[in-house]
file coords_5.pdb (PDB, C-alpha atoms and all ligand atoms)
ATOM      1  CA  MET G   1      -2.179  -8.258  -0.442
ATOM      2  CA  THR G   2      -2.298  -8.977   3.264
ATOM      3  CA  ALA G   3       0.224  -7.174   5.437
ATOM      4  CA  LYS G   4       1.155  -7.774   9.035
ATOM      5  CA  GLU G   5       1.874  -4.757  11.202
ATOM      6  CA  PHE G   6       4.420  -4.363  13.956
ATOM      7  CA  ILE G   7       5.463  -1.449  16.150
ATOM      8  CA  THR G   8       9.069  -0.983  17.208
ATOM      9  CA  HIS G   9      10.170   1.540  19.833
ATOM     10  CA  THR G  10      13.937   1.600  19.315
ATOM     11  CA  SER G  11      16.331   1.034  16.431
ATOM     12  CA  GLU G  12      17.482  -2.147  18.226
ATOM     13  CA  GLU G  13      13.937  -3.501  18.033
ATOM     14  CA  THR G  14      13.836  -2.696  14.314
ATOM     15  CA  ILE G  15      17.141  -4.520  13.820
ATOM     16  CA  ALA G  16      15.753  -7.504  15.724
ATOM     17  CA  MET G  17      12.735  -7.480  13.432
ATOM     18  CA  GLY G  18      15.070  -7.460  10.419
ATOM     19  CA  ARG G  19      16.753 -10.566  11.802
ATOM     20  CA  GLU G  20      13.382 -12.255  12.124
ATOM     21  CA  ILE G  21      12.530 -11.352   8.527
ATOM     22  CA  ALA G  22      15.911 -12.712   7.394
ATOM     23  CA  SER G  23      15.080 -16.125   8.778
ATOM     24  CA  LYS G  24      12.129 -16.338   6.357
ATOM     25  CA  LEU G  25      13.907 -15.198   3.198
ATOM     26  CA  GLN G  26      14.865 -17.649   0.482
ATOM     27  CA  PRO G  27      16.582 -16.563  -2.726
ATOM     28  CA  PRO G  28      15.485 -15.431  -5.203
ATOM     29  CA  VAL G  29      13.548 -12.639  -3.537
ATOM     30  CA  LEU G  30      13.192  -8.898  -3.885
ATOM     31  CA  VAL G  31      12.622  -7.016  -0.638
ATOM     32  CA  LEU G  32      11.137  -3.570  -1.276
ATOM     33  CA  LEU G  33      11.546  -1.100   1.591
ATOM     34  CA  LYS G  34       9.158   1.842   1.353
ATOM     35  CA  GLY G  35       8.994   4.739   3.776
ATOM     36  CA  ASP G  36       9.978   8.342   4.403
ATOM     37  CA  LEU G  37      13.496   9.599   5.069
ATOM     38  CA  GLY G  38      14.683   8.309   8.425
ATOM     39  CA  SER G  39      11.826   5.844   8.780
ATOM     40  CA  GLY G  40      14.308   3.014   9.358
ATOM     41  CA  LYS G  41      14.880   1.253   5.999
ATOM     42  CA  THR G  42      18.644   1.059   6.422
ATOM     43  CA  THR G  43      18.274   0.145  10.100
ATOM     44  CA  LEU G  44      15.948  -2.737   9.198
ATOM     45  CA  THR G  45      18.434  -3.816   6.509
ATOM     46  CA  LYS G  46      21.183  -4.041   9.152
ATOM     47  CA  GLY G  47      19.034  -6.670  10.834
ATOM     48  CA  ILE G  48      18.190  -8.498   7.617
ATOM     49  CA  ILE G  49      21.759  -8.724   6.310
ATOM     50  CA  SER G  50      23.323  -9.561   9.672
ATOM     51  CA  GLY G  51      20.525 -12.063  10.252
ATOM     52  CA  LEU G  52      21.405 -13.727   6.962
ATOM     53  CA  GLY G  53      24.978 -14.018   8.202
ATOM     54  CA  ALA G  54      26.196 -11.982   5.214
ATOM     55  CA  ALA G  55      27.805  -9.141   7.227
ATOM     56  CA  LYS G  56      27.969  -7.612  10.658
ATOM     57  CA  GLU G  57      25.408  -4.968  11.570
ATOM     58  CA  GLU G  58      28.016  -2.216  11.519
ATOM     59  CA  GLU G  59      29.144  -3.231   8.024
ATOM     60  CA  VAL G  60      25.677  -2.481   6.659
ATOM     61  CA  THR G  61      25.554   1.231   5.887
ATOM     62  CA  SER G  62      23.383   3.357   3.651
ATOM     63  CA  PRO G  63      24.298   2.842  -0.034
ATOM     64  CA  THR G  64      24.155   6.606  -0.459
ATOM     65  CA  PHE G  65      27.215   6.933  -2.696
ATOM     66  CA  ASN G  66      27.730   3.517  -4.278
ATOM     67  CA  LEU G  67      23.981   2.925  -4.562
ATOM     68  CA  VAL G  68      24.566  -0.835  -4.558
ATOM     69  CA  HIS G  69      26.351  -2.753  -1.801
ATOM     70  CA  GLU G  70      27.074  -6.408  -2.397
ATOM     71  CA  PHE G  71      27.402  -9.049   0.323
ATOM     72  CA  ARG G  72      27.697 -12.791   0.245
ATOM     73  CA  LYS G  73      25.767 -15.121   2.460
ATOM     74  CA  GLN G  74      27.941 -18.105   3.255
ATOM     75  CA  ILE G  75      27.327 -21.381   4.977
ATOM     76  CA  LEU G  76      28.950 -21.085   8.368
ATOM     77  CA  PRO G  77      30.461 -24.270   9.815
ATOM     78  CA  GLY G  78      28.653 -23.596  13.081
ATOM     79  CA  ASP G  79      25.249 -22.936  11.531
ATOM     80  CA  LEU G  80      22.419 -24.092  13.738
ATOM     81  CA  PRO G  81      20.295 -26.989  12.462
ATOM     82  CA  GLU G  82      17.156 -24.861  12.229
ATOM     83  CA  ARG G  83      18.981 -22.524   9.884
ATOM     84  CA  GLU G  84      19.956 -25.335   7.530
ATOM     85  CA  ARG G  85      16.948 -25.001   5.273
ATOM     86  CA  ASN G  86      17.871 -21.362   4.813
ATOM     87  CA  SER G  87      21.594 -21.754   4.527
ATOM     88  CA  GLN G  88      22.412 -22.001   0.835
ATOM     89  CA  PRO G  89      25.039 -19.449  -0.145
ATOM     90  CA  CYS G  90      23.876 -16.569  -2.271
ATOM     91  CA  LYS G  91      24.634 -12.962  -2.994
ATOM     92  CA  VAL G  92      22.826 -10.285  -1.038
ATOM     93  CA  TYR G  93      22.444  -6.815  -2.540
ATOM     94  CA  HIS G  94      21.468  -3.631  -0.699
ATOM     95  CA  VAL G  95      20.358  -0.969  -3.154
ATOM     96  CA  ASP G  96      19.245   2.637  -2.705
ATOM     97  CA  LEU G  97      17.291   4.106  -5.633
ATOM     98  CA  TYR G  98      16.739   7.505  -3.977
ATOM     99  CA  ARG G  99      19.052   9.304  -6.398
ATOM    100  CA  ILE G 100      18.064   7.362  -9.509
ATOM    101  CA  GLU G 101      16.470   9.781 -11.918
ATOM    102  CA  ASN G 102      16.289   8.002 -15.228
ATOM    103  CA  PHE G 103      16.715   4.713 -16.999
ATOM    104  CA  HIS G 104      20.346   5.446 -17.831
ATOM    105  CA  ASP G 105      21.161   5.857 -14.115
ATOM    106  CA  LEU G 106      19.372   2.617 -13.360
ATOM    107  CA  GLU G 107      21.249   0.744 -16.085
ATOM    108  CA  SER G 108      24.577   1.996 -14.763
ATOM    109  CA  LEU G 109      23.931   0.187 -11.472
ATOM    110  CA  GLY G 110      24.196  -3.214 -13.177
ATOM    111  CA  LEU G 111      21.132  -4.521 -11.413
ATOM    112  CA  GLU G 112      20.487  -6.950 -14.266
ATOM    113  CA  ASP G 113      23.585  -8.813 -13.103
ATOM    114  CA  ALA G 114      22.190  -8.909  -9.604
ATOM    115  CA  LEU G 115      18.925 -10.293 -10.932
ATOM    116  CA  SER G 116      20.541 -12.834 -13.258
ATOM    117  CA  GLU G 117      21.355 -15.305 -10.500
ATOM    118  CA  LYS G 118      19.235 -16.227  -7.509
ATOM    119  CA  ALA G 119      19.970 -13.589  -4.903
ATOM    120  CA  ILE G 120      18.385 -11.640  -2.087
ATOM    121  CA  VAL G 121      17.979  -8.058  -3.323
ATOM    122  CA  ILE G 122      16.930  -5.414  -0.788
ATOM    123  CA  ILE G 123      15.864  -2.098  -2.306
ATOM    124  CA  GLU G 124      15.319   1.236  -0.529
ATOM    125  CA  TRP G 125      13.165   3.781  -2.401
ATOM    126  CA  PRO G 126      11.867   1.176  -4.922
ATOM    127  CA  GLU G 127       9.118   3.622  -5.962
ATOM    128  CA  HIS G 128      11.802   5.678  -7.730
ATOM    129  CA  PHE G 129      11.968   3.153 -10.495
ATOM    130  CA  THR G 130       9.937   0.205 -11.710
ATOM    131  CA  LEU G 131      11.929  -2.981 -11.839
ATOM    132  CA  ARG G 132      10.590  -5.775 -13.933
ATOM    133  CA  THR G 133      11.113  -9.182 -12.426
ATOM    134  CA  ASP G 134       9.227 -12.406 -11.917
ATOM    135  CA  TRP G 135      10.897 -12.950  -8.558
ATOM    136  CA  PRO G 136       8.782 -13.154  -5.418
ATOM    137  CA  ILE G 137       8.460  -9.760  -3.768
ATOM    138  CA  VAL G 138       8.248  -8.905  -0.086
ATOM    139  CA  GLU G 139       7.059  -5.361   0.440
ATOM    140  CA  ILE G 140       7.785  -3.630   3.721
ATOM    141  CA  ARG G 141       6.368  -0.201   4.568
ATOM    142  CA  LEU G 142       7.842   1.822   7.421
ATOM    143  CA  HIS G 143       6.085   4.768   9.041
ATOM    144  CA  HIS G 144       7.094   7.236  11.726
ATOM    145  CA  ALA G 145       4.757   6.664  14.667
ATOM    146  CA  GLY G 146       5.858   9.405  17.069
ATOM    147  CA  GLY G 147       9.279   9.755  18.715
ATOM    148  CA  ASP G 148      11.385   6.672  18.180
ATOM    149  CA  SER G 149       8.404   4.482  17.347
ATOM    150  CA  ARG G 150       7.973   3.011  13.893
ATOM    151  CA  ARG G 151       5.039   1.132  12.410
ATOM    152  CA  ILE G 152       6.286  -1.568  10.063
ATOM    153  CA  ALA G 153       3.949  -3.430   7.716
ATOM    154  CA  VAL G 154       5.274  -6.565   6.069
ATOM    155  CA  SER G 155       3.525  -8.205   3.142
ATOM    156  CA  ASP G 156       3.642 -11.792   2.063
ATOM    157  CA  LEU G 157       5.792 -13.200   4.823
ATOM    158  CA  HIS G 158       4.412 -15.616   7.325
ATOM    159  CA  LEU G 159       5.767 -13.963  10.451
TER     160      LEU G 159
HETATM  161  N1  LIG Z 201      12.256   2.357  16.122
HETATM  162  C1  LIG Z 201      13.225   2.737  15.272
HETATM  163  N2  LIG Z 201      13.462   2.017  14.139
HETATM  164  C2  LIG Z 201      14.394   2.388  13.261
HETATM  165  N3  LIG Z 201      15.171   3.483  13.397
HETATM  166  C3  LIG Z 201      14.989   4.236  14.497
HETATM  167  C4  LIG Z 201      14.024   3.902  15.473
HETATM  168  N4  LIG Z 201      14.075   4.830  16.458
HETATM  169  C5  LIG Z 201      15.019   5.703  16.114
HETATM  170  N5  LIG Z 201      15.589   5.358  14.940
HETATM  171  C6  LIG Z 201      16.636   6.126  14.254
HETATM  172  O1  LIG Z 201      16.073   6.645  13.071
HETATM  173  C7  LIG Z 201      17.062   6.654  12.041
HETATM  174  C8  LIG Z 201      16.603   5.794  10.888
HETATM  175  O2  LIG Z 201      17.509   5.992   9.863
HETATM  176  P1  LIG Z 201      17.649   5.027   8.616
HETATM  177  O3  LIG Z 201      18.910   5.425   7.937
HETATM  178  O4  LIG Z 201      17.485   3.607   9.019
HETATM  179  O5  LIG Z 201      16.366   5.457   7.764
HETATM  180  P2  LIG Z 201      16.095   5.263   6.204
HETATM  181  O6  LIG Z 201      14.640   4.954   6.096
HETATM  182  O7  LIG Z 201      17.063   4.297   5.639
HETATM  183  O8  LIG Z 201      16.365   6.738   5.633
HETATM  184  P3  LIG Z 201      16.761   7.187   4.135
HETATM  185  O9  LIG Z 201      15.485   7.330   3.372
HETATM  186  O10 LIG Z 201      17.461   8.493   4.354
HETATM  187  O11 LIG Z 201      17.662   6.136   3.538
HETATM  188  C9  LIG Z 201      18.350   6.126  12.658
HETATM  189  O12 LIG Z 201      19.119   7.213  13.106
HETATM  190  C10 LIG Z 201      17.830   5.298  13.835
HETATM  191  O13 LIG Z 201      18.778   5.181  14.873
HETATM  192 MG    MG Z 202      18.421   4.439   4.084
END

call {"tool": "encode", "arguments": {"input": "coords_5.pdb", "output": "structure tokens", "more": "lines below"}}
Ligand SMILES: Nc1ncnc2c1ncn2[C@@H]1O[C@H](COP(=O)(O)OP(=O)(O)OP(=O)(O)O)[C@@H](O)[C@H]1O
Ligand SMILES: [Mg+2]
result
Amino acid sequence: MTAKEFITHTSEETIAMGREIASKLQPPVLVLLKGDLGSGKTTLTKGIISGLGAAKEEEVTSPTFNLVHEFRKQILPGDLPERERNSQPCKVYHVDLYRIENFHDLESLGLEDALSEKAIVIIEWPEHFTLRTDWPIVEIRLHHAGGDSRRIAVSDLHL
């Protein structure tokens, strides 16, 4: 799999990158965010979900307790023409599998529902459980690169 690498130097730059990624996402798609604690997965998701027009940046928080946050991408009356091809409404899920320890935990999240209709599903800590799906997958790896810098490798997206 080919991956494209980017360096960001601030959380704002990571959010801006999330917005850029959002403009390329079409449902159904699974976005897997891999990287250490504090590497910026939730920060990038703020950019993706706000870029999709599904919520404001500040409304996107870590799904630490609920484990699944659900948003809805709507068609905005003022949507720009270039966004039209990417403007069908769909659900957007932000999932954190960090605390998932077994299949029972995973089942209790109701992810099958999320995967039963075309949606954009963003998953932090996807390596904690294998999800079976035939949806296209975008894999994003985030690495600490000293101080506030992060190295972000994105697979399968033509950025
Ligand atoms: N370049 C950067 N990109 C992203 N976050 C940055 C950057 N520089 C500093 N930060 C800070 O690093 C932290 C990243 O936290 P964030 O919650 O996004 O990480 P995470 O990967 O989701 O962690 P966790 O595994 O705990 O869920 C935030 O406090 C953010 O402000
Ligand atoms: Mg997080």

call {"tool": "resolve_selection", "arguments": {"input": "coords_5.pdb", "expression": "the PyMOL selection byres (((chain G and resi 28) around 12) and not hetatm)", "output": "list in words"}}
result
Leu25, Gln26, Pro27, Val29, Leu30, Val31, Asn86, Gln88, Pro89, Cys90, Lys91, Val92, Tyr93, Ala114, Leu115, Ser116, Glu117, Lys118, Ala119, Ile120, Val121, Ile122, Thr133, Asp134, Trp135, Pro136, Ile137 and Val138 of chain G

call {"tool": "write_last_selection", "arguments": {"input": "coords_5.pdb", "atoms": "C-alpha atoms", "output": "JSON list (two decimals), in the frame of the given file"}}
result
[["chain", "number", "residue", "atom", "x", "y", "z"],
["G", 25, "LEU", "CA", 13.91, -15.20, 3.20],
["G", 26, "GLN", "CA", 14.86, -17.65, 0.48],
["G", 27, "PRO", "CA", 16.58, -16.56, -2.73],
["G", 29, "VAL", "CA", 13.55, -12.64, -3.54],
["G", 30, "LEU", "CA", 13.19, -8.90, -3.88],
["G", 31, "VAL", "CA", 12.62, -7.02, -0.64],
["G", 86, "ASN", "CA", 17.87, -21.36, 4.81],
["G", 88, "GLN", "CA", 22.41, -22.00, 0.84],
["G", 89, "PRO", "CA", 25.04, -19.45, -0.14],
["G", 90, "CYS", "CA", 23.88, -16.57, -2.27],
["G", 91, "LYS", "CA", 24.63, -12.96, -2.99],
["G", 92, "VAL", "CA", 22.83, -10.28, -1.04],
["G", 93, "TYR", "CA", 22.44, -6.82, -2.54],
["G", 114, "ALA", "CA", 22.19, -8.91, -9.60],
["G", 115, "LEU", "CA", 18.92, -10.29, -10.93],
["G", 116, "SER", "CA", 20.54, -12.83, -13.26],
["G", 117, "GLU", "CA", 21.36, -15.30, -10.50],
["G", 118, "LYS", "CA", 19.24, -16.23, -7.51],
["G", 119, "ALA", "CA", 19.97, -13.59, -4.90],
["G", 120, "ILE", "CA", 18.39, -11.64, -2.09],
["G", 121, "VAL", "CA", 17.98, -8.06, -3.32],
["G", 122, "ILE", "CA", 16.93, -5.41, -0.79],
["G", 133, "THR", "CA", 11.11, -9.18, -12.43],
["G", 134, "ASP", "CA", 9.23, -12.41, -11.92],
["G", 135, "TRP", "CA", 10.90, -12.95, -8.56],
["G", 136, "PRO", "CA", 8.78, -13.15, -5.42],
["G", 137, "ILE", "CA", 8.46, -9.76, -3.77],
["G", 138, "VAL", "CA", 8.25, -8.90, -0.09]]

call {"tool": "residues_near_point", "arguments": {"input": "coords_5.pdb", "point": "(12.2, 4.5, -2.3)", "cutoff": "8 Å", "atoms": "all atoms listed in the file", "output": "count of residues only"}}
result
12

call {"tool": "residues_around", "arguments": {"input": "coords_5.pdb", "residues": "Ser155 in chain G", "least_positions_apart": "5", "cutoff": "6 Å", "atoms": "only C-alpha atoms", "output": "list in words"}}
result
Thr2, Ala3, Val138 and Glu139 of chain G

call {"tool": "resolve_selection", "arguments": {"input": "coords_5.pdb", "expression": "the PyMOL selection byres (((chain G and resi 54) around 7) and not hetatm)", "output": "MDAnalysis selection string"}}
result
chainID G and resid 49:50 52:53 55 71:74

call {"tool": "residues_around", "arguments": {"input": "coords_5.pdb", "residues": "Lys46 in chain G", "least_positions_apart": "3", "cutoff": "8 Å", "atoms": "only C-alpha atoms", "output": "NGL selection string"}}
result
:G and (15 or 18 or 42-43 or 49-50 or 56-58 or 60-61)

call {"tool": "atom_distance", "arguments": {"input": "coords_5.pdb", "atom1": "CA of His143 in chain G", "atom2": "CA of His69 in chain G"}}
result
24.2 Å

call {"tool": "residues_near_ligand", "arguments": {"input": "coords_5.pdb", "ligand": "ligand LIG 201 (chain Z)", "cutoff": "6 Å", "atoms": "all atoms listed in the file", "output": "PyMOL selection string"}}
result
chain G and resi 8-11+14+36-43+148-150

call {"tool": "atom_distance", "arguments": {"input": "coords_5.pdb", "atom1": "CA of Asp113 in chain G", "atom2": "CA of Glu101 in chain G"}}
result
19.9 Å

call {"tool": "closest_residue", "arguments": {"input": "coords_5.pdb", "among": "G:Leu32, G:Ile100, G:Val95, G:Ile7", "to": "Ile140 in chain G", "atoms": "only C-alpha atoms"}}
result
G:Leu32

call {"tool": "atom_distance", "arguments": {"input": "coords_5.pdb", "atom1": "CA of Glu70 in chain G", "atom2": "CA of His104 in chain G"}}
result
20.6 Å

call {"tool": "resolve_selection", "arguments": {"input": "coords_5.pdb", "expression": "the PyMOL selection byres (((chain G and resi 6) around 8) and not hetatm)", "output": "list in words"}}
result
Lys4, Glu5, Ile7, Thr8, Arg151, Ile152 and Ala153 of chain G

call {"tool": "axis_aligned_box", "arguments": {"input": "coords_5.pdb", "around": "range 53-61 of chain G", "padding_each_side": "3 Å", "output": "AutoDock Vina command-line options"}}
result
--center_x 27.1 --center_y -6.4 --center_z 8.4 --size_x 10.2 --size_y 21.2 --size_z 12.4

call {"tool": "closest_residue", "arguments": {"input": "coords_5.pdb", "among": "G:Val154, G:Val68, G:Ala145, G:Leu111", "to": "ligand MG 202 (chain Z)", "atoms": "only C-alpha atoms and all ligand atoms"}}
result
G:Val68

call {"tool": "closest_residue", "arguments": {"input": "coords_5.pdb", "among": "G:His94, G:Lys24, G:His144, G:Arg19", "to": "ligand MG 202 (chain Z)", "atoms": "all atoms listed in the file"}}
result
G:His94

call {"tool": "closest_residue", "arguments": {"input": "coords_5.pdb", "among": "G:Ala22, G:Leu67, G:Ser62, G:Leu131", "to": "ligand MG 202 (chain Z)", "atoms": "only C-alpha atoms and all ligand atoms"}}
result
G:Ser62

call {"tool": "closest_residue", "arguments": {"input": "coords_5.pdb", "among": "G:Thr130, G:Leu106, G:Ser23, G:Phe65", "to": "ligand MG 202 (chain Z)", "atoms": "all atoms listed in the file"}}
result
G:Phe65

call {"tool": "closest_residue", "arguments": {"input": "coords_5.pdb", "among": "G:Gly110, G:Arg132, G:Leu44, G:Phe103", "to": "ligand MG 202 (chain Z)", "atoms": "only C-alpha atoms and all ligand atoms"}}
result
G:Leu44

call {"tool": "build_atoms", "arguments": {"input": "coords_5.pdb", "residues": "range 21-34 of chain G", "atoms": "N, CA and C atoms", "output": "tab-separated table (two decimals), keeping the file's coordinate frame"}}
result
chain	number	residue	atom	x	y	z
G	21	ILE	N	12.90	-11.31	9.95
G	21	ILE	CA	12.53	-11.35	8.53
G	21	ILE	C	13.56	-12.18	7.76
G	22	ALA	N	14.83	-12.00	8.10
G	22	ALA	CA	15.91	-12.71	7.39
G	22	ALA	C	15.70	-14.22	7.46
G	23	SER	N	15.21	-14.68	8.60
G	23	SER	CA	15.08	-16.12	8.78
G	23	SER	C	14.02	-16.71	7.85
G	24	LYS	N	13.19	-15.85	7.26
G	24	LYS	CA	12.13	-16.34	6.36
G	24	LYS	C	12.47	-16.14	4.89
G	25	LEU	N	13.60	-15.53	4.60
G	25	LEU	CA	13.91	-15.20	3.20
G	25	LEU	C	14.66	-16.31	2.50
G	26	GLN	N	14.20	-16.66	1.33
G	26	GLN	CA	14.86	-17.65	0.48
G	26	GLN	C	15.15	-16.99	-0.86
G	27	PRO	N	16.35	-17.12	-1.40
G	27	PRO	CA	16.58	-16.56	-2.73
G	27	PRO	C	15.88	-17.40	-3.79
G	28	PRO	N	15.40	-16.85	-4.89
G	28	PRO	CA	15.48	-15.43	-5.20
G	28	PRO	C	14.33	-14.68	-4.56
G	29	VAL	N	14.62	-13.48	-4.07
G	29	VAL	CA	13.55	-12.64	-3.54
G	29	VAL	C	13.98	-11.18	-3.61
G	30	LEU	N	13.00	-10.35	-3.85
G	30	LEU	CA	13.19	-8.90	-3.88
G	30	LEU	C	12.49	-8.35	-2.65
G	31	VAL	N	13.21	-7.62	-1.84
G	31	VAL	CA	12.62	-7.02	-0.64
G	31	VAL	C	12.54	-5.52	-0.88
G	32	LEU	N	11.33	-5.00	-1.00
G	32	LEU	CA	11.14	-3.57	-1.28
G	32	LEU	C	10.87	-2.84	0.03
G	33	LEU	N	11.70	-1.86	0.36
G	33	LEU	CA	11.55	-1.10	1.59
G	33	LEU	C	11.03	0.29	1.27
G	34	LYS	N	9.77	0.55	1.64
G	34	LYS	CA	9.16	1.84	1.35
G	34	LYS	C	8.95	2.62	2.63
